[in-house]
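Asks: Dropping in start_22.cif, which is mmCIF, C-alpha atoms:
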```
data_run
#
loop_
_atom_site.group_PDB
_atom_site.id
_atom_site.type_symbol
_atom_site.label_atom_id
_atom_site.label_comp_id
_atom_site.auth_asym_id
_atom_site.auth_seq_id
_atom_site.Cartn_x
_atom_site.Cartn_y
_atom_site.Cartn_z
ATOM 1 C CA PHE A 1 129.975 234.506 225.191
ATOM 2 C CA VAL A 2 128.178 231.519 223.719
ATOM 3 C CA THR A 3 129.101 229.813 220.481
ATOM 4 C CA THR A 4 127.016 231.221 217.623
ATOM 5 C CA ARG A 5 125.132 229.338 214.941
ATOM 6 C CA TRP A 6 127.853 230.454 212.515
ATOM 7 C CA SER A 7 130.316 228.048 214.079
ATOM 8 C CA LEU A 8 127.615 225.366 214.142
ATOM 9 C CA ILE A 9 127.291 225.693 210.362
ATOM 10 C CA LEU A 10 131.027 225.392 209.952
ATOM 11 C CA GLN A 11 130.957 222.202 212.016
ATOM 12 C CA THR A 12 128.874 220.586 209.287
ATOM 13 C CA GLN A 13 132.078 220.484 207.246
ATOM 14 C CA ALA A 14 134.094 218.861 210.023
ATOM 15 C CA SER A 15 136.300 215.936 209.052
ATOM 16 C CA ASP A 16 134.703 213.997 211.895
ATOM 17 C CA ASN A 17 131.470 212.716 210.335
ATOM 18 C CA ALA A 18 129.752 212.332 213.699
ATOM 19 C CA VAL A 19 130.412 215.986 214.570
ATOM 20 C CA ALA A 20 129.221 217.124 211.142
ATOM 21 C CA ARG A 21 126.028 215.053 211.376
ATOM 22 C CA ARG A 22 125.136 216.375 214.826
ATOM 23 C CA ALA A 23 125.664 219.967 213.703
ATOM 24 C CA LEU A 24 123.558 219.430 210.596
ATOM 25 C CA ASP A 25 120.744 217.774 212.539
ATOM 26 C CA GLU A 26 120.632 220.644 215.023
ATOM 27 C CA LEU A 27 120.488 223.246 212.264
ATOM 28 C CA CYS A 28 117.687 221.395 210.500
ATOM 29 C CA ARG A 29 115.633 220.916 213.646
ATOM 30 C CA SER A 30 115.944 224.565 214.564
ATOM 31 C CA TYR A 31 115.377 226.329 211.271
ATOM 32 C CA TRP A 32 113.644 224.189 208.681
ATOM 33 C CA PHE A 33 110.079 225.285 209.445
ATOM 34 C CA PRO A 34 110.585 229.076 209.192
ATOM 35 C CA VAL A 35 112.302 228.433 205.847
ATOM 36 C CA TYR A 36 109.480 226.152 204.684
ATOM 37 C CA ALA A 37 106.851 228.712 205.725
ATOM 38 C CA PHE A 38 108.724 231.304 203.656
ATOM 39 C CA MET A 39 108.854 228.989 200.646
ATOM 40 C CA ARG A 40 105.142 228.189 200.879
ATOM 41 C CA LYS A 41 104.393 231.904 200.686
ATOM 42 C CA GLN A 42 106.489 232.052 197.523
ATOM 43 C CA THR A 43 104.733 229.214 195.712
ATOM 44 C CA SER A 44 101.329 227.560 195.898
ATOM 45 C CA ASP A 45 102.849 224.211 194.925
ATOM 46 C CA LEU A 46 103.826 222.382 198.106
ATOM 47 C CA HIS A 47 106.210 220.034 196.289
ATOM 48 C CA THR A 48 108.086 222.994 194.860
ATOM 49 C CA ALA A 49 108.256 224.530 198.347
ATOM 50 C CA GLN A 50 109.648 221.272 199.724
ATOM 51 C CA ASP A 51 112.206 221.044 196.933
ATOM 52 C CA TRP A 52 113.268 224.645 197.452
ATOM 53 C CA THR A 53 113.649 224.084 201.186
ATOM 54 C CA GLN A 54 115.817 221.035 200.591
ATOM 55 C CA GLY A 55 117.745 222.879 197.901
ATOM 56 C CA LEU A 56 118.446 225.880 200.118
ATOM 57 C CA PHE A 57 119.993 223.792 202.873
ATOM 58 C CA ALA A 58 121.893 221.758 200.307
ATOM 59 C CA SER A 59 123.356 224.951 198.835
ATOM 60 C CA LEU A 60 124.318 226.254 202.276
ATOM 61 C CA LEU A 61 126.122 223.032 203.056
ATOM 62 C CA ALA A 62 128.048 222.951 199.788
ATOM 63 C CA ALA A 63 131.755 223.341 200.413
ATOM 64 C CA ASN A 64 132.106 226.400 198.185
ATOM 65 C CA SER A 65 129.277 228.232 199.948
ATOM 66 C CA LEU A 66 130.576 227.578 203.436
ATOM 67 C CA ALA A 67 134.012 228.775 202.460
ATOM 68 C CA GLN A 68 132.547 232.249 202.013
ATOM 69 C CA LEU A 69 130.811 232.403 205.399
ATOM 70 C CA ASN A 70 132.021 235.077 207.787
ATOM 71 C CA PRO A 71 131.203 234.780 211.515
ATOM 72 C CA GLU A 72 131.051 238.579 211.656
ATOM 73 C CA ARG A 73 128.023 238.855 209.382
ATOM 74 C CA GLY A 74 125.767 239.479 212.355
ATOM 75 C CA ARG A 75 122.331 237.997 212.908
ATOM 76 C CA PHE A 76 121.949 234.465 211.625
ATOM 77 C CA ARG A 77 118.224 235.104 211.135
ATOM 78 C CA SER A 78 118.998 237.835 208.611
ATOM 79 C CA PHE A 79 121.584 235.692 206.852
ATOM 80 C CA LEU A 80 119.239 232.733 206.463
ATOM 81 C CA LEU A 81 116.352 234.896 205.248
ATOM 82 C CA ALA A 82 118.581 236.579 202.647
ATOM 83 C CA ALA A 83 119.841 233.163 201.552
ATOM 84 C CA ALA A 84 116.247 231.962 201.107
ATOM 85 C CA GLN A 85 115.327 235.064 199.107
ATOM 86 C CA ASN A 86 118.346 234.683 196.836
ATOM 87 C CA PHE A 87 117.694 230.988 196.361
ATOM 88 C CA VAL A 88 114.098 231.569 195.233
ATOM 89 C CA ASN A 89 115.141 234.379 192.899
ATOM 90 C CA ASN A 90 117.809 232.178 191.323
ATOM 91 C CA GLU A 91 115.379 229.294 190.905
ATOM 92 C CA ARG A 92 112.871 231.531 189.172
ATOM 93 C CA ASP A 93 115.512 233.064 186.948
ATOM 94 C CA ARG A 94 116.610 229.651 185.776
ATOM 95 C CA GLN A 95 112.998 228.469 185.453
ATOM 96 C CA ALA A 96 114.281 225.066 186.461
ATOM 97 C CA THR A 97 112.154 222.147 185.384
ATOM 98 C CA GLN A 98 114.073 219.563 187.388
ATOM 99 C CA LYS A 99 113.141 219.385 191.038
ATOM 100 C CA ARG A 100 115.946 220.284 193.416
ATOM 101 C CA GLY A 101 114.931 217.868 196.181
ATOM 102 C CA GLY A 102 115.355 214.554 194.386
ATOM 103 C CA ASP A 103 118.909 213.552 195.214
ATOM 104 C CA ARG A 104 119.422 216.281 197.816
ATOM 105 C CA ASN A 105 117.417 215.104 200.782
ATOM 106 C CA ILE A 106 119.391 217.134 203.288
ATOM 107 C CA LEU A 107 116.491 217.544 205.727
ATOM 108 C CA SER A 108 115.123 214.613 207.700
ATOM 109 C CA VAL A 109 111.858 216.346 208.476
ATOM 110 C CA ASP A 110 108.157 215.616 208.086
ATOM 111 C CA PHE A 111 106.895 218.106 205.510
ATOM 112 C CA SER A 112 103.336 216.834 205.974
ATOM 113 C CA GLU A 113 103.547 217.869 209.629
ATOM 114 C CA GLY A 114 104.827 221.245 208.505
ATOM 115 C CA GLU A 115 101.912 221.603 206.121
ATOM 116 C CA GLN A 116 99.474 220.863 208.951
ATOM 117 C CA ARG A 117 101.120 223.551 211.062
ATOM 118 C CA LEU A 118 100.707 226.061 208.251
ATOM 119 C CA LEU A 119 97.030 225.179 207.850
ATOM 120 C CA LYS A 120 96.459 225.967 211.525
ATOM 121 C CA LEU A 121 97.869 229.472 211.184
ATOM 122 C CA PRO A 122 95.268 232.254 211.064
ATOM 123 C CA VAL A 123 94.650 233.730 207.628
ATOM 124 C CA SER A 124 96.791 236.833 207.245
ATOM 125 C CA GLN A 125 98.388 239.113 204.712
ATOM 126 C CA LEU A 126 101.887 238.587 206.058
ATOM 127 C CA THR A 127 104.671 238.828 203.501
ATOM 128 C CA PRO A 128 106.874 235.746 203.042
ATOM 129 C CA GLU A 129 109.655 237.596 204.866
ATOM 130 C CA LEU A 130 107.497 238.511 207.855
ATOM 131 C CA LEU A 131 106.044 234.997 208.047
ATOM 132 C CA PHE A 132 109.595 233.611 208.113
ATOM 133 C CA GLU A 133 110.569 235.915 210.948
ATOM 134 C CA GLN A 134 107.386 235.214 212.903
ATOM 135 C CA GLN A 135 107.903 231.468 212.674
ATOM 136 C CA TRP A 136 111.565 231.977 213.556
ATOM 137 C CA ALA A 137 110.500 233.755 216.759
ATOM 138 C CA LEU A 138 107.949 231.054 217.612
ATOM 139 C CA ALA A 139 110.494 228.288 217.001
ATOM 140 C CA LEU A 140 112.933 230.077 219.273
ATOM 141 C CA LEU A 141 110.329 230.304 222.059
ATOM 142 C CA GLU A 142 109.520 226.612 221.644
ATOM 143 C CA ARG A 143 113.196 225.734 222.147
ATOM 144 C CA VAL A 144 113.363 227.948 225.220
ATOM 145 C CA ILE A 145 110.272 226.364 226.788
ATOM 146 C CA SER A 146 111.618 222.895 225.993
ATOM 147 C CA GLN A 147 114.954 223.635 227.678
ATOM 148 C CA LEU A 148 113.215 225.116 230.693
ATOM 149 C CA ARG A 149 110.896 222.129 230.982
ATOM 150 C CA ASN A 150 113.870 219.768 230.864
ATOM 151 C CA TRP A 151 115.441 221.673 233.755
ATOM 152 C CA TYR A 152 112.353 221.093 235.893
ATOM 153 C CA VAL A 153 112.180 217.443 234.839
ATOM 154 C CA GLN A 154 115.744 216.936 236.025
ATOM 155 C CA ALA A 155 114.973 218.775 239.253
ATOM 156 C CA GLY A 156 111.946 216.547 239.860
ATOM 157 C CA THR A 157 109.525 219.491 239.919
ATOM 158 C CA LEU A 158 107.677 219.054 236.629
ATOM 159 C CA ASP A 159 104.292 219.605 238.311
ATOM 160 C CA LEU A 160 105.409 223.060 239.390
ATOM 161 C CA PHE A 161 106.496 223.897 235.857
ATOM 162 C CA GLU A 162 103.249 222.696 234.299
ATOM 163 C CA HIS A 163 101.155 224.773 236.682
ATOM 164 C CA LEU A 164 103.155 227.957 236.176
ATOM 165 C CA ARG A 165 104.286 227.774 232.516
ATOM 166 C CA ALA A 166 101.310 229.801 231.257
ATOM 167 C CA THR A 167 102.652 232.821 233.125
ATOM 168 C CA LEU A 168 105.867 232.862 231.091
ATOM 169 C CA THR A 169 104.357 234.286 227.919
ATOM 170 C CA GLY A 170 101.144 235.665 229.371
ATOM 171 C CA ASP A 171 99.861 237.664 232.299
ATOM 172 C CA PRO A 172 101.348 236.349 235.583
ATOM 173 C CA SER A 173 98.205 237.444 237.424
ATOM 174 C CA ALA A 174 96.020 235.228 235.213
ATOM 175 C CA ILE A 175 96.777 232.227 237.424
ATOM 176 C CA PRO A 176 95.742 232.614 241.091
ATOM 177 C CA LEU A 177 98.792 231.641 243.136
ATOM 178 C CA CYS A 178 96.557 230.473 245.965
ATOM 179 C CA ASP A 179 95.044 227.841 243.662
ATOM 180 C CA VAL A 180 98.480 226.602 242.610
ATOM 181 C CA ALA A 181 99.610 226.547 246.239
ATOM 182 C CA GLY A 182 96.633 224.448 247.234
ATOM 183 C CA THR A 183 97.099 222.003 244.364
ATOM 184 C CA LEU A 184 100.822 221.514 245.005
ATOM 185 C CA ASP A 185 100.554 221.651 248.814
ATOM 186 C CA MET A 186 102.834 224.687 249.013
ATOM 187 C CA SER A 187 102.509 228.031 250.695
ATOM 188 C CA GLU A 188 101.453 230.924 248.509
ATOM 189 C CA GLU A 189 104.732 232.685 249.277
ATOM 190 C CA ALA A 190 106.695 229.612 248.180
ATOM 191 C CA VAL A 191 104.790 229.568 244.895
ATOM 192 C CA ARG A 192 105.471 233.282 244.416
ATOM 193 C CA VAL A 193 109.206 232.718 244.918
ATOM 194 C CA ALA A 194 109.135 229.714 242.571
ATOM 195 C CA LEU A 195 107.393 231.814 239.918
ATOM 196 C CA HIS A 196 109.984 234.577 240.246
ATOM 197 C CA ARG A 197 112.800 232.045 239.826
ATOM 198 C CA MET A 198 111.095 230.399 236.854
ATOM 199 C CA ARG A 199 110.653 233.687 235.028
ATOM 200 C CA LYS A 200 114.275 234.622 235.750
ATOM 201 C CA ARG A 201 115.510 231.269 234.417
ATOM 202 C CA TYR A 202 113.241 231.660 231.389
ATOM 203 C CA ARG A 203 114.783 235.061 230.579
ATOM 204 C CA GLN A 204 118.278 233.640 230.931
ATOM 205 C CA ILE A 205 117.581 230.775 228.533
ATOM 206 C CA LEU A 206 115.824 233.135 226.119
ATOM 207 C CA GLN A 207 118.750 235.542 226.066
ATOM 208 C CA ASN A 208 121.171 232.667 225.570
ATOM 209 C CA GLU A 209 119.186 231.320 222.600
ATOM 210 C CA VAL A 210 119.059 234.750 220.975
ATOM 211 C CA ALA A 211 122.760 235.271 221.661
ATOM 212 C CA GLN A 212 123.534 232.162 219.612
ATOM 213 C CA THR A 213 122.160 233.855 216.499
ATOM 214 C CA THR A 214 123.765 237.283 216.868
ATOM 215 C CA GLU A 215 127.280 238.582 216.418
ATOM 216 C CA SER A 216 127.769 240.025 219.892
ATOM 217 C CA ALA A 217 126.115 240.346 223.285
ATOM 218 C CA ASP A 218 125.239 243.961 222.461
ATOM 219 C CA ASP A 219 122.831 242.757 219.753
ATOM 220 C CA VAL A 220 120.788 240.496 222.023
ATOM 221 C CA GLN A 221 118.363 243.078 223.435
ATOM 222 C CA GLN A 222 117.767 244.630 220.010
ATOM 223 C CA GLU A 223 117.044 241.211 218.523
ATOM 224 C CA LEU A 224 114.689 240.345 221.389
ATOM 225 C CA ALA A 225 112.761 243.590 220.948
ATOM 226 C CA TYR A 226 112.488 243.004 217.203
ATOM 227 C CA LEU A 227 111.239 239.424 217.575
ATOM 228 C CA LEU A 228 108.600 240.483 220.108
ATOM 229 C CA LYS A 229 107.432 243.114 217.637
ATOM 230 C CA VAL A 230 107.286 240.518 214.854
ATOM 231 C CA LEU A 231 105.100 238.225 216.958
ATOM 232 C CA SER A 232 102.442 240.900 217.229
ATOM 233 C CA ALA A 233 102.202 241.375 213.452
ATOM 234 C CA HIS A 234 99.027 240.248 211.628
#
```
Please lay out the structure from this file as structure tokens.
Replies:
Amino acid sequence: FVTTRWSLILQTQASDNAVARRALDELCRSYWFPVYAFMRKQTSDLHTAQDWTQGLFASLLAANSLAQLNPERGRFRSFLLAAAQNFVNNERDRQATQKRGGDRNILSVDFSEGEQRLLKLPVSQLTPELLFEQQWALALLERVISQLRNWYVQAGTLDLFEHLRATLTGDPSAIPLCDVAGTLDMSEEAVRVALHRMRKRYRQILQNEVAQTTESADDVQQELAYLLKVLSAH
């Protein structure tokens, strides 16, 4: 069974600075935007949202906080959302006037790019919690597609991937296989087989990504079903 994100968090406290930095960078790349989207739903001030996002990750990476982490807590998504909720509540209780970000620039991310992504989202009445989970699911799918694309790049069949990728998250029948076959100079049957293999590989990568955020393999299908449900929320 794959290593979970729990152990990745613990690696951020490794004595080997290179190991700790790599673990931290991976966590930030994977999860900063769902957290930021949650924070922006909590406050209309983008600077406060940025400070809270930085502050949350800083608090998670504090030695005392990590000492309390338990790899058996289950879904990392639920843990991170609860941590974000608690962080905001604590900040409001203290009515802090000093920004948290200042000397705690844990995240090397482009918040302006994140703000542009938020502006492109359709107007909705999603709660901060549901927005977090929706962006979590979308970020997960982006990582899956990226890994799958890299596989086809290494195999030297990127053209095949680009022509068939739309079928992964949509209707497979939406793309006429005869058109793809003609473009790539393949038989229609060969394209059909390639599509079947691509979708199978996609499911494998997707399940592996979800497995990294759950406690056990038994939780994977439940988490997948929940995330698909979240994506359909408005």
Asks: Go through segment 202-222 of chain A residue by residue and, counting only C-alpha atoms, keep those with an atom at most 12 Å from segment 23-45 of chain A; for each kept residue give the shortest atom pair and its distance in Å to one decimal, ordered by chain and increasing number, as CSV.
Replies:
```
residue,atom,partner,partner_atom,distance
A:Glu209,CA,A:Ser30,CA,11.0
A:Gln212,CA,A:Ser30,CA,11.9
A:Thr213,CA,A:Ser30,CA,11.3
```
Asks: As an exercise, work out the distance from atom CA of Gln85 of chain A to atom CA of Leu107 of chain A in Å and give it to one decimal place.
Replies: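 One can read the atom CA of Gln85 of chain A to atom CA of Leu107 of chain A distance as 18.8 Å.
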Asks: Please enumerate the residues selected by the PyMOL selection byres ((chain A and resi 168) around 12) when evaluated against the supplied file, formatted as a PyMOL selection string.
Replies: chain A and resi 141-142+144-145+148-149+161-167+169-175+195-203+206
Asks: Atom CA of Val180 of chain A to atom CA of Ala139 of chain A: how many Å, to one decimal?
Replies: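 Interatomic distance here is 28.3 Å.
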Asks: Could you write out as an mmCIF file with C-alpha atoms, keeping the file's coordinate frame the residues that the PyMOL selection byres ((chain A and resi 214) around 8) matches in the shown file?
Replies:
```
data_model
loop_
_atom_site.group_PDB
_atom_site.id
_atom_site.type_symbol
_atom_site.label_atom_id
_atom_site.label_comp_id
_atom_site.auth_asym_id
_atom_site.auth_seq_id
_atom_site.Cartn_x
_atom_site.Cartn_y
_atom_site.Cartn_z
ATOM 1 C CA THR A 4 127.016 231.221 217.623
ATOM 2 C CA GLY A 74 125.767 239.479 212.355
ATOM 3 C CA ARG A 75 122.331 237.997 212.908
ATOM 4 C CA PHE A 76 121.949 234.465 211.625
ATOM 5 C CA VAL A 210 119.059 234.750 220.975
ATOM 6 C CA ALA A 211 122.760 235.271 221.661
ATOM 7 C CA GLN A 212 123.534 232.162 219.612
ATOM 8 C CA THR A 213 122.160 233.855 216.499
ATOM 9 C CA GLU A 215 127.280 238.582 216.418
ATOM 10 C CA SER A 216 127.769 240.025 219.892
ATOM 11 C CA ALA A 217 126.115 240.346 223.285
ATOM 12 C CA ASP A 219 122.831 242.757 219.753
ATOM 13 C CA VAL A 220 120.788 240.496 222.023
ATOM 14 C CA GLU A 223 117.044 241.211 218.523
#
```
Asks: Can you pull out the residues contacting Phe87 of chain A? Cut-off 12 Å, using all atoms listed in the file, and skip same-chain residues under 5 positions away; I want them as a list in words.
Replies: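 Here the answer would be Val35, Phe38, Met39, Gln42, Ala49, Asp51, Trp52, Thr53, Gln54, Gly55, Leu56, Phe57, Ala58, Ser59, Leu60, Leu80, Leu81, Ala82, Arg92, Asp93, Arg94 and Arg100 of chain A.
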Asks: Just say which residues the PyMOL selection byres ((chain A and resi 234) around 8) picks in this file, as a PyMOL selection string.
Replies: chain A and resi 124-126+232-233
Asks: Find the residue from A:Ile205, A:Val109, A:Leu227, A:Val19 that sits nearest to Arg143 of chain A; use only C-alpha atoms when measuring.
Replies: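 Among the listed residues, A:Ile205 lies closest to Arg143 of chain A.
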Asks: For a quick check of understanding, using only C-alpha atoms, which of A:Val153, A:Ala83, A:Leu46, A:Ala137 has the smallest distance to Gly114 of chain A?
Replies: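 Of A:Val153, A:Ala83, A:Leu46, A:Ala137, the one nearest Gly114 of chain A, counting only C-alpha atoms, is A:Leu46.
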Asks: Record the distance separating atom CA of Phe132 of chain A and atom CA of Arg77 of chain A, expressed in Å with one decimal.
Replies: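 We find that atom CA of Phe132 of chain A and atom CA of Arg77 of chain A lie 9.3 Å from each other.
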Asks: Tell me which of A:Glu91, A:Thr127, A:Gln204, A:Glu113 sits closest to Gln147 of chain A, counting all atoms listed in the file.
Replies: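 The closest residue to Gln147 of chain A is A:Gln204.
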Asks: Could you pull the residues within 10 Å of Ala181 of chain A, counting only C-alpha atoms, minus those fewer than 5 positions along the same chain, as a ChimeraX atom specification?
Replies: /A:160,163,176,186-192
Asks: As lines of an AutoDock Vina configuration file, what would the box around segment 218-226 of chain A look like: edges along x, y and z, 6 Å added on every side, centre and edge lengths in Å to one decimal?
Replies:
```
center_x = 118.9
center_y = 242.5
center_z = 220.3
size_x = 24.8
size_y = 16.3
size_z = 18.2
```
